[in-house]
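Novice: For reference, this is work_38.pdb, and it has PDB, C-alpha atoms and all ligand atoms.
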```
ATOM      1  CA  MET A1415     -39.874  29.695 -12.880  1.00  0.00           C
ATOM      2  CA  THR A1416     -38.522  32.803 -14.581  1.00  0.00           C
ATOM      3  CA  ALA A1417     -35.526  34.881 -13.626  1.00  0.00           C
ATOM      4  CA  MET A1418     -37.235  38.042 -14.907  1.00  0.00           C
ATOM      5  CA  HIS A1419     -40.130  37.915 -12.434  1.00  0.00           C
ATOM      6  CA  PRO A1420     -38.730  36.619  -9.160  1.00  0.00           C
ATOM      7  CA  THR A1421     -41.324  35.596  -6.608  1.00  0.00           C
ATOM      8  CA  THR A1422     -40.972  34.431  -3.030  1.00  0.00           C
ATOM      9  CA  LEU A1423     -41.392  30.909  -4.337  1.00  0.00           C
ATOM     10  CA  ASP A1424     -38.448  31.396  -6.711  1.00  0.00           C
ATOM     11  CA  LEU A1425     -36.237  32.582  -3.855  1.00  0.00           C
ATOM     12  CA  PHE A1426     -36.989  29.390  -1.951  1.00  0.00           C
ATOM     13  CA  ALA A1427     -36.356  27.353  -5.063  1.00  0.00           C
ATOM     14  CA  ASP A1428     -32.944  28.998  -5.470  1.00  0.00           C
ATOM     15  CA  ASP A1429     -32.147  28.162  -1.847  1.00  0.00           C
ATOM     16  CA  ALA A1430     -32.908  24.531  -2.488  1.00  0.00           C
ATOM     17  CA  LEU A1431     -30.618  24.630  -5.510  1.00  0.00           C
ATOM     18  CA  GLU A1432     -27.693  26.063  -3.589  1.00  0.00           C
ATOM     19  CA  GLN A1433     -25.799  22.769  -3.714  1.00  0.00           C
ATOM     20  CA  GLN A1434     -26.370  22.365  -7.460  1.00  0.00           C
ATOM     21  CA  PRO A1435     -23.575  23.277  -9.859  1.00  0.00           C
ATOM     22  CA  ARG A1436     -23.751  26.799 -11.295  1.00  0.00           C
ATOM     23  CA  ASP A1437     -21.386  28.473 -13.729  1.00  0.00           C
ATOM     24  CA  GLU A1438     -20.159  32.042 -13.296  1.00  0.00           C
ATOM     25  CA  GLN A1439     -18.087  33.732 -15.957  1.00  0.00           C
ATOM     26  CA  ILE A1440     -15.392  35.876 -14.301  1.00  0.00           C
ATOM     27  CA  GLY A1441     -13.282  36.752 -17.351  1.00  0.00           C
ATOM     28  CA  GLU A1442     -13.409  36.446 -21.122  1.00  0.00           C
ATOM     29  CA  GLN A1443     -12.132  32.847 -20.849  1.00  0.00           C
ATOM     30  CA  SER A1444     -12.468  32.154 -17.125  1.00  0.00           C
ATOM     31  CA  TRP A1445     -15.260  30.412 -15.249  1.00  0.00           C
ATOM     32  CA  VAL A1446     -16.137  29.524 -11.685  1.00  0.00           C
ATOM     33  CA  LEU A1447     -18.004  26.212 -11.668  1.00  0.00           C
ATOM     34  CA  ARG A1448     -19.807  26.288  -8.332  1.00  0.00           C
ATOM     35  CA  GLY A1449     -19.942  22.912  -6.609  1.00  0.00           C
ATOM     36  CA  PHE A1450     -18.642  21.121  -9.697  1.00  0.00           C
ATOM     37  CA  ALA A1451     -16.499  18.695  -7.656  1.00  0.00           C
ATOM     38  CA  LEU A1452     -19.066  17.942  -4.914  1.00  0.00           C
ATOM     39  CA  PRO A1453     -20.236  14.629  -6.435  1.00  0.00           C
ATOM     40  CA  VAL A1454     -16.708  13.134  -6.333  1.00  0.00           C
ATOM     41  CA  ILE A1455     -15.083  14.822  -3.335  1.00  0.00           C
ATOM     42  CA  ASP A1456     -15.683  11.941  -0.937  1.00  0.00           C
ATOM     43  CA  LYS A1457     -13.739   9.642  -3.251  1.00  0.00           C
ATOM     44  CA  LEU A1458     -11.036  12.224  -3.859  1.00  0.00           C
ATOM     45  CA  LEU A1459     -10.127  13.011  -0.239  1.00  0.00           C
ATOM     46  CA  PRO A1460      -8.690   9.571   0.646  1.00  0.00           C
ATOM     47  CA  ALA A1461      -6.551   9.723  -2.519  1.00  0.00           C
ATOM     48  CA  LEU A1462      -5.304  13.148  -1.424  1.00  0.00           C
ATOM     49  CA  ASP A1463      -4.405  11.747   2.022  1.00  0.00           C
ATOM     50  CA  GLY A1464      -2.336   9.043   0.314  1.00  0.00           C
ATOM     51  CA  ILE A1465      -0.516  11.608  -1.827  1.00  0.00           C
ATOM     52  CA  LEU A1466       0.313  13.789   1.181  1.00  0.00           C
ATOM     53  CA  ALA A1467       1.591  10.769   3.127  1.00  0.00           C
ATOM     54  CA  ALA A1468       4.084  10.041   0.310  1.00  0.00           C
ATOM     55  CA  ALA A1469       4.945  13.684  -0.523  1.00  0.00           C
ATOM     56  CA  PRO A1470       4.367  15.719   2.666  1.00  0.00           C
ATOM     57  CA  LEU A1471       3.362  19.364   2.645  1.00  0.00           C
ATOM     58  CA  ARG A1472       6.280  21.700   3.294  1.00  0.00           C
ATOM     59  CA  HIS A1473       6.836  25.450   3.446  1.00  0.00           C
ATOM     60  CA  MET A1474       9.092  26.182   0.505  1.00  0.00           C
ATOM     61  CA  MET A1475      11.566  29.048   0.373  1.00  0.00           C
ATOM     62  CA  THR A1476      11.074  31.760  -2.237  1.00  0.00           C
ATOM     63  CA  PRO A1477      14.076  32.955  -4.252  1.00  0.00           C
ATOM     64  CA  GLY A1478      14.005  36.063  -2.050  1.00  0.00           C
ATOM     65  CA  GLY A1479      14.549  33.924   1.056  1.00  0.00           C
ATOM     66  CA  PHE A1480      11.073  34.016   2.588  1.00  0.00           C
ATOM     67  CA  SER A1481       9.282  30.868   3.722  1.00  0.00           C
ATOM     68  CA  MET A1482       5.829  30.613   2.075  1.00  0.00           C
ATOM     69  CA  SER A1483       2.824  30.769   4.447  1.00  0.00           C
ATOM     70  CA  VAL A1484       1.160  28.166   2.220  1.00  0.00           C
ATOM     71  CA  GLY A1485       2.261  24.530   2.607  1.00  0.00           C
ATOM     72  CA  THR A1486       2.833  22.851  -0.764  1.00  0.00           C
ATOM     73  CA  SER A1487       3.226  19.464  -2.398  1.00  0.00           C
ATOM     74  CA  SER A1488       2.423  18.017  -5.829  1.00  0.00           C
ATOM     75  CA  CYS A1489       1.305  14.967  -7.711  1.00  0.00           C
ATOM     76  CA  GLY A1490       1.674  14.028 -11.355  1.00  0.00           C
ATOM     77  CA  ALA A1491       4.740  13.852 -13.600  1.00  0.00           C
ATOM     78  CA  LEU A1492       5.893  17.361 -12.661  1.00  0.00           C
ATOM     79  CA  GLY A1493       5.719  19.317  -9.422  1.00  0.00           C
ATOM     80  CA  TRP A1494       6.210  23.040  -8.912  1.00  0.00           C
ATOM     81  CA  ILE A1495       9.070  23.911  -6.589  1.00  0.00           C
ATOM     82  CA  THR A1496      10.842  27.003  -5.372  1.00  0.00           C
ATOM     83  CA  ASP A1497      14.120  27.522  -3.547  1.00  0.00           C
ATOM     84  CA  ARG A1498      16.876  30.107  -3.402  1.00  0.00           C
ATOM     85  CA  SER A1499      17.738  29.431  -7.055  1.00  0.00           C
ATOM     86  CA  GLY A1500      14.236  30.153  -8.376  1.00  0.00           C
ATOM     87  CA  TYR A1501      10.837  28.741  -9.339  1.00  0.00           C
ATOM     88  CA  ARG A1502      10.569  25.738 -11.640  1.00  0.00           C
ATOM     89  CA  TYR A1503       8.902  22.382 -12.292  1.00  0.00           C
ATOM     90  CA  SER A1504      10.704  19.214 -11.239  1.00  0.00           C
ATOM     91  CA  ALA A1505      10.050  15.507 -11.879  1.00  0.00           C
ATOM     92  CA  VAL A1506      11.552  14.715  -8.470  1.00  0.00           C
ATOM     93  CA  ASP A1507      10.338  15.819  -5.043  1.00  0.00           C
ATOM     94  CA  PRO A1508      13.398  17.478  -3.470  1.00  0.00           C
ATOM     95  CA  LEU A1509      12.142  16.491   0.009  1.00  0.00           C
ATOM     96  CA  THR A1510      12.001  12.741  -0.656  1.00  0.00           C
ATOM     97  CA  GLY A1511      14.318  12.465  -3.665  1.00  0.00           C
ATOM     98  CA  LYS A1512      11.596  10.417  -5.365  1.00  0.00           C
ATOM     99  CA  PRO A1513       9.189  11.092  -8.234  1.00  0.00           C
ATOM    100  CA  TRP A1514       5.964  12.818  -7.158  1.00  0.00           C
ATOM    101  CA  PRO A1515       2.998  10.498  -6.445  1.00  0.00           C
ATOM    102  CA  ALA A1516       0.918   9.669  -9.502  1.00  0.00           C
ATOM    103  CA  MET A1517      -2.032  11.868 -10.352  1.00  0.00           C
ATOM    104  CA  PRO A1518      -5.253   9.992  -9.456  1.00  0.00           C
ATOM    105  CA  GLU A1519      -7.186   9.244 -12.644  1.00  0.00           C
ATOM    106  CA  MET A1520     -10.322  10.531 -10.952  1.00  0.00           C
ATOM    107  CA  LEU A1521      -8.620  13.907 -10.489  1.00  0.00           C
ATOM    108  CA  SER A1522      -7.375  14.274 -14.048  1.00  0.00           C
ATOM    109  CA  GLU A1523     -10.813  13.271 -15.342  1.00  0.00           C
ATOM    110  CA  LEU A1524     -12.520  15.800 -13.089  1.00  0.00           C
ATOM    111  CA  ALA A1525     -10.187  18.563 -14.290  1.00  0.00           C
ATOM    112  CA  GLN A1526     -10.749  17.539 -17.899  1.00  0.00           C
ATOM    113  CA  ALA A1527     -14.521  17.712 -17.419  1.00  0.00           C
ATOM    114  CA  ALA A1528     -14.250  21.170 -15.811  1.00  0.00           C
ATOM    115  CA  ALA A1529     -12.011  22.450 -18.616  1.00  0.00           C
ATOM    116  CA  GLN A1530     -14.425  21.044 -21.212  1.00  0.00           C
ATOM    117  CA  ARG A1531     -17.331  22.838 -19.575  1.00  0.00           C
ATOM    118  CA  ALA A1532     -15.383  26.103 -19.775  1.00  0.00           C
ATOM    119  CA  GLY A1533     -14.667  25.580 -23.477  1.00  0.00           C
ATOM    120  CA  PHE A1534     -11.217  23.945 -23.386  1.00  0.00           C
ATOM    121  CA  ALA A1535     -11.177  20.520 -25.030  1.00  0.00           C
ATOM    122  CA  ASP A1536      -8.593  17.777 -24.385  1.00  0.00           C
ATOM    123  CA  PHE A1537      -7.104  19.125 -21.169  1.00  0.00           C
ATOM    124  CA  HIS A1538      -4.502  16.618 -19.969  1.00  0.00           C
ATOM    125  CA  ALA A1539      -2.764  17.921 -16.863  1.00  0.00           C
ATOM    126  CA  ASP A1540       0.734  16.657 -16.111  1.00  0.00           C
ATOM    127  CA  SER A1541       1.010  18.528 -12.807  1.00  0.00           C
ATOM    128  CA  CYS A1542      -1.178  19.088  -9.784  1.00  0.00           C
ATOM    129  CA  LEU A1543       0.078  21.584  -7.222  1.00  0.00           C
ATOM    130  CA  ILE A1544      -1.369  21.126  -3.743  1.00  0.00           C
ATOM    131  CA  ASN A1545      -1.553  24.294  -1.644  1.00  0.00           C
ATOM    132  CA  GLN A1546      -2.594  24.102   2.013  1.00  0.00           C
ATOM    133  CA  TYR A1547      -3.699  27.292   3.783  1.00  0.00           C
ATOM    134  CA  VAL A1548      -4.231  27.466   7.551  1.00  0.00           C
ATOM    135  CA  PRO A1549      -5.943  30.588   8.950  1.00  0.00           C
ATOM    136  CA  GLY A1550      -3.795  33.632   8.197  1.00  0.00           C
ATOM    137  CA  ALA A1551      -2.022  32.015   5.225  1.00  0.00           C
ATOM    138  CA  LYS A1552      -2.278  33.940   1.955  1.00  0.00           C
ATOM    139  CA  MET A1553      -0.885  34.147  -1.539  1.00  0.00           C
ATOM    140  CA  SER A1554       0.279  37.549  -2.743  1.00  0.00           C
ATOM    141  CA  LEU A1555      -0.621  38.802  -6.217  1.00  0.00           C
ATOM    142  CA  HIS A1556       1.467  37.029  -8.857  1.00  0.00           C
ATOM    143  CA  GLN A1557       1.360  35.622 -12.402  1.00  0.00           C
ATOM    144  CA  ASP A1558       1.875  31.943 -13.242  1.00  0.00           C
ATOM    145  CA  LYS A1559       4.665  31.968 -15.815  1.00  0.00           C
ATOM    146  CA  ASP A1560       6.707  28.859 -15.020  1.00  0.00           C
ATOM    147  CA  GLU A1561       4.823  26.514 -17.335  1.00  0.00           C
ATOM    148  CA  ASN A1562       6.343  25.800 -20.738  1.00  0.00           C
ATOM    149  CA  ALA A1563       3.233  26.797 -22.654  1.00  0.00           C
ATOM    150  CA  TYR A1564       0.243  28.979 -21.957  1.00  0.00           C
ATOM    151  CA  ALA A1565      -2.141  27.416 -24.482  1.00  0.00           C
ATOM    152  CA  ALA A1566      -3.685  25.105 -21.895  1.00  0.00           C
ATOM    153  CA  PRO A1567      -5.853  26.538 -19.130  1.00  0.00           C
ATOM    154  CA  ILE A1568      -5.231  26.144 -15.403  1.00  0.00           C
ATOM    155  CA  VAL A1569      -7.958  24.333 -13.486  1.00  0.00           C
ATOM    156  CA  SER A1570      -8.343  24.658  -9.723  1.00  0.00           C
ATOM    157  CA  LEU A1571     -10.353  22.853  -7.067  1.00  0.00           C
ATOM    158  CA  SER A1572     -11.055  24.446  -3.680  1.00  0.00           C
ATOM    159  CA  LEU A1573     -11.477  22.269  -0.580  1.00  0.00           C
ATOM    160  CA  GLY A1574     -12.225  23.090   3.057  1.00  0.00           C
ATOM    161  CA  LEU A1575     -12.395  26.624   4.473  1.00  0.00           C
ATOM    162  CA  PRO A1576     -13.591  29.413   2.175  1.00  0.00           C
ATOM    163  CA  ALA A1577     -11.141  31.808   0.522  1.00  0.00           C
ATOM    164  CA  MET A1578     -11.385  35.240  -1.038  1.00  0.00           C
ATOM    165  CA  PHE A1579      -9.667  34.923  -4.405  1.00  0.00           C
ATOM    166  CA  LEU A1580      -8.248  38.039  -6.070  1.00  0.00           C
ATOM    167  CA  PHE A1581      -8.531  38.110  -9.850  1.00  0.00           C
ATOM    168  CA  GLY A1582      -6.537  41.002 -11.232  1.00  0.00           C
ATOM    169  CA  GLY A1583      -5.461  42.359 -14.558  1.00  0.00           C
ATOM    170  CA  PHE A1584      -2.281  42.229 -16.585  1.00  0.00           C
ATOM    171  CA  SER A1585      -0.266  44.605 -14.456  1.00  0.00           C
ATOM    172  CA  ARG A1586       0.152  44.312 -10.710  1.00  0.00           C
ATOM    173  CA  SER A1587      -1.525  47.657 -10.029  1.00  0.00           C
ATOM    174  CA  ASP A1588      -4.737  46.837 -11.957  1.00  0.00           C
ATOM    175  CA  LYS A1589      -7.810  46.598  -9.752  1.00  0.00           C
ATOM    176  CA  SER A1590      -8.702  43.037  -8.671  1.00  0.00           C
ATOM    177  CA  GLN A1591     -12.126  41.391  -8.554  1.00  0.00           C
ATOM    178  CA  ARG A1592     -12.794  39.556  -5.275  1.00  0.00           C
ATOM    179  CA  ILE A1593     -14.308  36.133  -5.763  1.00  0.00           C
ATOM    180  CA  PRO A1594     -15.269  33.877  -2.843  1.00  0.00           C
ATOM    181  CA  LEU A1595     -14.268  30.237  -3.398  1.00  0.00           C
ATOM    182  CA  LEU A1596     -15.965  27.479  -1.429  1.00  0.00           C
ATOM    183  CA  HIS A1597     -15.500  23.753  -0.853  1.00  0.00           C
ATOM    184  CA  GLY A1598     -16.194  21.925  -4.119  1.00  0.00           C
ATOM    185  CA  ASP A1599     -15.898  24.964  -6.398  1.00  0.00           C
ATOM    186  CA  MET A1600     -13.722  24.641  -9.488  1.00  0.00           C
ATOM    187  CA  VAL A1601     -12.258  27.469 -11.536  1.00  0.00           C
ATOM    188  CA  VAL A1602     -10.901  27.373 -15.066  1.00  0.00           C
ATOM    189  CA  TRP A1603      -8.607  30.143 -16.334  1.00  0.00           C
ATOM    190  CA  GLY A1604      -7.393  30.083 -19.893  1.00  0.00           C
ATOM    191  CA  GLY A1605      -6.698  31.876 -23.125  1.00  0.00           C
ATOM    192  CA  VAL A1606      -6.546  35.632 -22.752  1.00  0.00           C
ATOM    193  CA  ASP A1607      -6.942  35.374 -18.950  1.00  0.00           C
ATOM    194  CA  ARG A1608      -4.101  32.920 -18.429  1.00  0.00           C
ATOM    195  CA  LEU A1609      -1.505  35.536 -17.448  1.00  0.00           C
ATOM    196  CA  ARG A1610      -3.667  37.678 -15.200  1.00  0.00           C
ATOM    197  CA  PHE A1611      -2.348  38.586 -11.770  1.00  0.00           C
ATOM    198  CA  HIS A1612      -4.095  36.689  -8.993  1.00  0.00           C
ATOM    199  CA  GLY A1613      -3.807  35.920  -5.294  1.00  0.00           C
ATOM    200  CA  VAL A1614      -5.629  34.820  -2.166  1.00  0.00           C
ATOM    201  CA  LEU A1615      -6.449  37.004   0.881  1.00  0.00           C
ATOM    202  CA  PRO A1616      -5.478  35.657   4.320  1.00  0.00           C
ATOM    203  CA  ILE A1617      -7.764  32.747   5.214  1.00  0.00           C
ATOM    204  CA  LYS A1618     -10.156  33.500   8.082  1.00  0.00           C
ATOM    205  CA  PRO A1619     -10.242  31.192  11.112  1.00  0.00           C
ATOM    206  CA  GLY A1620     -12.948  28.544  10.988  1.00  0.00           C
ATOM    207  CA  GLN A1621     -13.651  24.843  11.026  1.00  0.00           C
ATOM    208  CA  HIS A1622     -14.672  22.934   7.939  1.00  0.00           C
ATOM    209  CA  PRO A1623     -16.709  19.807   8.777  1.00  0.00           C
ATOM    210  CA  ARG A1624     -14.623  17.645   6.470  1.00  0.00           C
ATOM    211  CA  LEU A1625     -11.155  19.279   6.402  1.00  0.00           C
ATOM    212  CA  GLY A1626     -10.946  21.044   9.771  1.00  0.00           C
ATOM    213  CA  GLU A1627      -9.092  24.326  10.128  1.00  0.00           C
ATOM    214  CA  ARG A1628      -7.599  24.577   6.642  1.00  0.00           C
ATOM    215  CA  ARG A1629      -8.154  25.191   2.963  1.00  0.00           C
ATOM    216  CA  ILE A1630      -6.573  22.993   0.333  1.00  0.00           C
ATOM    217  CA  ASN A1631      -6.413  24.168  -3.244  1.00  0.00           C
ATOM    218  CA  LEU A1632      -5.412  21.890  -6.095  1.00  0.00           C
ATOM    219  CA  THR A1633      -4.231  23.502  -9.338  1.00  0.00           C
ATOM    220  CA  LEU A1634      -3.977  21.304 -12.384  1.00  0.00           C
ATOM    221  CA  ARG A1635      -1.697  22.410 -15.170  1.00  0.00           C
ATOM    222  CA  VAL A1636       0.047  21.399 -18.331  1.00  0.00           C
ATOM    223  CA  ALA A1637       3.532  22.300 -17.153  1.00  0.00           C
ATOM    224  CA  GLY A1638       5.862  20.270 -19.402  1.00  0.00           C
TER     225      GLY A1638
HETATM  226  C1  LIG A1701      -5.747  32.849 -12.265  1.00  0.00           C
HETATM  227  N1  LIG A1701      -3.113  29.343  -6.299  1.00  0.00           N
HETATM  228  O1  LIG A1701      -0.898  27.992  -7.029  1.00  0.00           O
HETATM  229  S1  LIG A1701      -6.057  29.245  -7.678  1.00  0.00           S
HETATM  230  C2  LIG A1701      -1.059  29.109  -7.539  1.00  0.00           C
HETATM  231  O2  LIG A1701      -6.018  29.293  -4.412  1.00  0.00           O
HETATM  232  C3  LIG A1701      -2.226  29.906  -7.124  1.00  0.00           C
HETATM  233  O3  LIG A1701      -4.099  28.360  -4.112  1.00  0.00           O
HETATM  234  C4  LIG A1701      -4.235  30.017  -5.758  1.00  0.00           C
HETATM  235  O4  LIG A1701      -2.353  31.005  -7.542  1.00  0.00           O
HETATM  236  C5  LIG A1701      -4.840  29.151  -4.701  1.00  0.00           C
HETATM  237  O5  LIG A1701      -0.314  29.590  -8.395  1.00  0.00           O
HETATM  238  C6  LIG A1701      -5.225  30.483  -6.761  1.00  0.00           C
HETATM  239  C7  LIG A1701      -5.075  29.043  -9.074  1.00  0.00           C
HETATM  240  C8  LIG A1701      -4.792  29.944 -10.184  1.00  0.00           C
HETATM  241  C9  LIG A1701      -3.751  29.509 -10.900  1.00  0.00           C
HETATM  242  C10 LIG A1701      -3.379  30.156 -12.027  1.00  0.00           C
HETATM  243  C11 LIG A1701      -4.043  31.273 -12.499  1.00  0.00           C
HETATM  244  C12 LIG A1701      -5.477  31.053 -10.611  1.00  0.00           C
HETATM  245  C13 LIG A1701      -5.099  31.730 -11.778  1.00  0.00           C
HETATM  246  C14 LIG A1701      -3.646  31.900 -13.689  1.00  0.00           C
HETATM  247  C15 LIG A1701      -4.300  33.005 -14.143  1.00  0.00           C
HETATM  248  C16 LIG A1701      -5.361  33.479 -13.423  1.00  0.00           C
HETATM  249 FE    FE A1702      -0.948  31.303  -9.227  1.00  0.00          FE
END
```
Translate the structure described by the file into structure tokens.
Ligand code: MD3
Ligand code: FE
Specialist:
Amino acid sequence: MTAMHPTTLDLFADDALEQQPRDEQIGEQSWVLRGFALPVIDKLLPALDGILAAAPLRHMMTPGGFSMSVGTSSCGALGWITDRSGYRYSAVDPLTGKPWPAMPEMLSELAQAAAQRAGFADFHADSCLINQYVPGAKMSLHQDKDENAYAAPIVSLSLGLPAMFLFGGFSRSDKSQRIPLLHGDMVVWGGVDRLRFHGVLPIKPGQHPRLGERRINLTLRVAG
């Protein structure tokens, strides 16, 4: 099979490979790893249920006083929070007053493998932000600047309903690329791309066979 001379047979072969992992470079140091998490998702979902039972999703308030359309929680040593006094990482869940649930080893290993594949060795996340989107929920263009260092990449895992991810430039008004993200896809953003503006368009209604009417995105970070 050669990519230079596609034949009908090749098109069928590509169809059959649709569930196989594929890498797509979206920035100088950013990669979409299609289907990278599919082999471990069935083991991951029960762990996620346990985390959300101990640290329930909630709609946090932005410093400006708006309730986020995305429901959030965290696991790992640090969790990202926002309230009227600002955005920050906290070792305690303000909802329960307890530390965040531990990060499942399977999840930190998966993120490490994804980072490695994108060229970032020794990625040890201390924070996993859990974002839940129901249809209509979105995330406006923003930069992630609350972490203490930007040397480490951010690794994300998409679950459930598809999303249209916006990958922008270094100023808010720069044109964004639109990148569809599907169940099992992982993305790694690092290096020169770490401070790019990004966001998520409103999620379209739909039913995912495994997660129902929602998208969950996990972002793994070195926050501390
Ligand atoms: C690109 N989450 O939690 S993936 C966020 O799908 C966030 O829930 C989105 O943006 C989501 O902050 C997008 C994560 C992501 C995180 C950091 C980035 C994408 C990024 C940093 C630079 C470029
Ligand atoms: Fe972000």
Novice: Of the candidates A:Pro1460, A:Gly1604, A:Pro1477, A:Gly1626, which one gets nearest to Met1520 in chain A if we count all atoms listed in the file?
Specialist: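 Residue with the minimum atom-to-atom distance to Met1520 in chain A: A:Pro1460.
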Novice: Take the PyMOL selection byres (((not hetatm)) within 9 of (chain A and resi 1701)), run it mentally on this structure, and tell me the resulting residues as a PyMOL selection string.
Specialist: chain A and resi 1444+1484+1486+1494+1543-1547+1552-1559+1567-1572+1577-1583+1595+1601-1604+1607-1614+1629-1635
Novice: Go ahead and write the residues just picked, C-alpha atoms, as an mmCIF file, keeping the file's coordinate frame.
Specialist:
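This is the output file selection34.cif:
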```cif
data_model
loop_
_atom_site.group_PDB
_atom_site.id
_atom_site.type_symbol
_atom_site.label_atom_id
_atom_site.label_comp_id
_atom_site.auth_asym_id
_atom_site.auth_seq_id
_atom_site.Cartn_x
_atom_site.Cartn_y
_atom_site.Cartn_z
ATOM 1 C CA SER A 1444 -12.468 32.154 -17.125
ATOM 2 C CA VAL A 1484 1.160 28.166 2.220
ATOM 3 C CA THR A 1486 2.833 22.851 -0.764
ATOM 4 C CA TRP A 1494 6.210 23.040 -8.912
ATOM 5 C CA LEU A 1543 0.078 21.584 -7.222
ATOM 6 C CA ILE A 1544 -1.369 21.126 -3.743
ATOM 7 C CA ASN A 1545 -1.553 24.294 -1.644
ATOM 8 C CA GLN A 1546 -2.594 24.102 2.013
ATOM 9 C CA TYR A 1547 -3.699 27.292 3.783
ATOM 10 C CA LYS A 1552 -2.278 33.940 1.955
ATOM 11 C CA MET A 1553 -0.885 34.147 -1.539
ATOM 12 C CA SER A 1554 0.279 37.549 -2.743
ATOM 13 C CA LEU A 1555 -0.621 38.802 -6.217
ATOM 14 C CA HIS A 1556 1.467 37.029 -8.857
ATOM 15 C CA GLN A 1557 1.360 35.622 -12.402
ATOM 16 C CA ASP A 1558 1.875 31.943 -13.242
ATOM 17 C CA LYS A 1559 4.665 31.968 -15.815
ATOM 18 C CA PRO A 1567 -5.853 26.538 -19.130
ATOM 19 C CA ILE A 1568 -5.231 26.144 -15.403
ATOM 20 C CA VAL A 1569 -7.958 24.333 -13.486
ATOM 21 C CA SER A 1570 -8.343 24.658 -9.723
ATOM 22 C CA LEU A 1571 -10.353 22.853 -7.067
ATOM 23 C CA SER A 1572 -11.055 24.446 -3.680
ATOM 24 C CA ALA A 1577 -11.141 31.808 0.522
ATOM 25 C CA MET A 1578 -11.385 35.240 -1.038
ATOM 26 C CA PHE A 1579 -9.667 34.923 -4.405
ATOM 27 C CA LEU A 1580 -8.248 38.039 -6.070
ATOM 28 C CA PHE A 1581 -8.531 38.110 -9.850
ATOM 29 C CA GLY A 1582 -6.537 41.002 -11.232
ATOM 30 C CA GLY A 1583 -5.461 42.359 -14.558
ATOM 31 C CA LEU A 1595 -14.268 30.237 -3.398
ATOM 32 C CA VAL A 1601 -12.258 27.469 -11.536
ATOM 33 C CA VAL A 1602 -10.901 27.373 -15.066
ATOM 34 C CA TRP A 1603 -8.607 30.143 -16.334
ATOM 35 C CA GLY A 1604 -7.393 30.083 -19.893
ATOM 36 C CA ASP A 1607 -6.942 35.374 -18.950
ATOM 37 C CA ARG A 1608 -4.101 32.920 -18.429
ATOM 38 C CA LEU A 1609 -1.505 35.536 -17.448
ATOM 39 C CA ARG A 1610 -3.667 37.678 -15.200
ATOM 40 C CA PHE A 1611 -2.348 38.586 -11.770
ATOM 41 C CA HIS A 1612 -4.095 36.689 -8.993
ATOM 42 C CA GLY A 1613 -3.807 35.920 -5.294
ATOM 43 C CA VAL A 1614 -5.629 34.820 -2.166
ATOM 44 C CA ARG A 1629 -8.154 25.191 2.963
ATOM 45 C CA ILE A 1630 -6.573 22.993 0.333
ATOM 46 C CA ASN A 1631 -6.413 24.168 -3.244
ATOM 47 C CA LEU A 1632 -5.412 21.890 -6.095
ATOM 48 C CA THR A 1633 -4.231 23.502 -9.338
ATOM 49 C CA LEU A 1634 -3.977 21.304 -12.384
ATOM 50 C CA ARG A 1635 -1.697 22.410 -15.170
#
```
Novice: If the PyMOL selection byres (((chain A and resi 1435-1443) around 7) and not hetatm) were run on this exact file, what residues would it hold? Put them as number ranges by chain.
Specialist: A: 1433-1434, 1444-1450, 1603-1607
Novice: Dump C-alpha atoms for the selected residues as a PDB file, in the coordinates of the input?
Specialist:
```pdb
ATOM      1  CA  GLN A1433     -25.799  22.769  -3.714  1.00  0.00           C
ATOM      2  CA  GLN A1434     -26.370  22.365  -7.460  1.00  0.00           C
ATOM      3  CA  SER A1444     -12.468  32.154 -17.125  1.00  0.00           C
ATOM      4  CA  TRP A1445     -15.260  30.412 -15.249  1.00  0.00           C
ATOM      5  CA  VAL A1446     -16.137  29.524 -11.685  1.00  0.00           C
ATOM      6  CA  LEU A1447     -18.004  26.212 -11.668  1.00  0.00           C
ATOM      7  CA  ARG A1448     -19.807  26.288  -8.332  1.00  0.00           C
ATOM      8  CA  GLY A1449     -19.942  22.912  -6.609  1.00  0.00           C
ATOM      9  CA  PHE A1450     -18.642  21.121  -9.697  1.00  0.00           C
ATOM     10  CA  TRP A1603      -8.607  30.143 -16.334  1.00  0.00           C
ATOM     11  CA  GLY A1604      -7.393  30.083 -19.893  1.00  0.00           C
ATOM     12  CA  GLY A1605      -6.698  31.876 -23.125  1.00  0.00           C
ATOM     13  CA  VAL A1606      -6.546  35.632 -22.752  1.00  0.00           C
ATOM     14  CA  ASP A1607      -6.942  35.374 -18.950  1.00  0.00           C
TER      15      ASP A1607
END
```
Novice: Using only C-alpha atoms and all ligand atoms, which residue out of A:Glu1561, A:Gly1638, A:Pro1549, A:Arg1628 lies closest to ligand FE 1702 (chain A)?
Specialist: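 Smallest separation from ligand FE 1702 (chain A) among the options: A:Glu1561.
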Novice: What's the separation between atom FE of ligand FE 1702 (chain A) and CA of Ser1483 in chain A, in Å to one decimal place?
Specialist: 14.2 Å
Novice: How far is it from CA of Leu1524 in chain A to CA of Ala1566 in chain A, in Å with one decimal?
Specialist: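 So the two atoms, CA of Leu1524 in chain A and CA of Ala1566 in chain A, lie 15.6 Å apart.
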Novice: Using only C-alpha atoms, which protein or nucleic acid residues come within 10 Å of range 1489-1491 of chain A? Drop anything in the same chain fewer than 3 positions from it, and give the result as a list in words.
Specialist: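 Using only C-alpha atoms, the neighbours found are Leu1462, Ile1465, Leu1466, Ala1468, Ala1469, Trp1494, Tyr1503, Ser1504, Ala1505, Val1506, Asp1507, Pro1513, Trp1514, Pro1515, Ala1516, Met1517, Pro1518, Ser1522, Ala1539, Asp1540, Ser1541, Cys1542, Leu1543, Ile1544, Leu1632, Leu1634, Arg1635, Ala1637 and Gly1638 of chain A.
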Novice: Report the distance between CA of Ala1525 in chain A and CA of Phe1537 in chain A in Å, rounded to one decimal place.
Specialist: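 The value is 7.6 Å.
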Novice: Mind checking which residues fall within 8 Å of Pro1619 in chain A, counting only C-alpha atoms, ignoring those fewer than 5 positions away in the same chain, and posting them as a short mmCIF file (atom, residue, chain, number, x, y, z; two decimals) with C-alpha atoms, in the frame of the given file?
Specialist:
```cif
data_model
loop_
_atom_site.label_atom_id
_atom_site.label_comp_id
_atom_site.auth_asym_id
_atom_site.auth_seq_id
_atom_site.Cartn_x
_atom_site.Cartn_y
_atom_site.Cartn_z
CA VAL A 1548 -4.23 27.47 7.55
CA PRO A 1549 -5.94 30.59 8.95
CA GLY A 1550 -3.80 33.63 8.20
CA GLU A 1627 -9.09 24.33 10.13
#
```
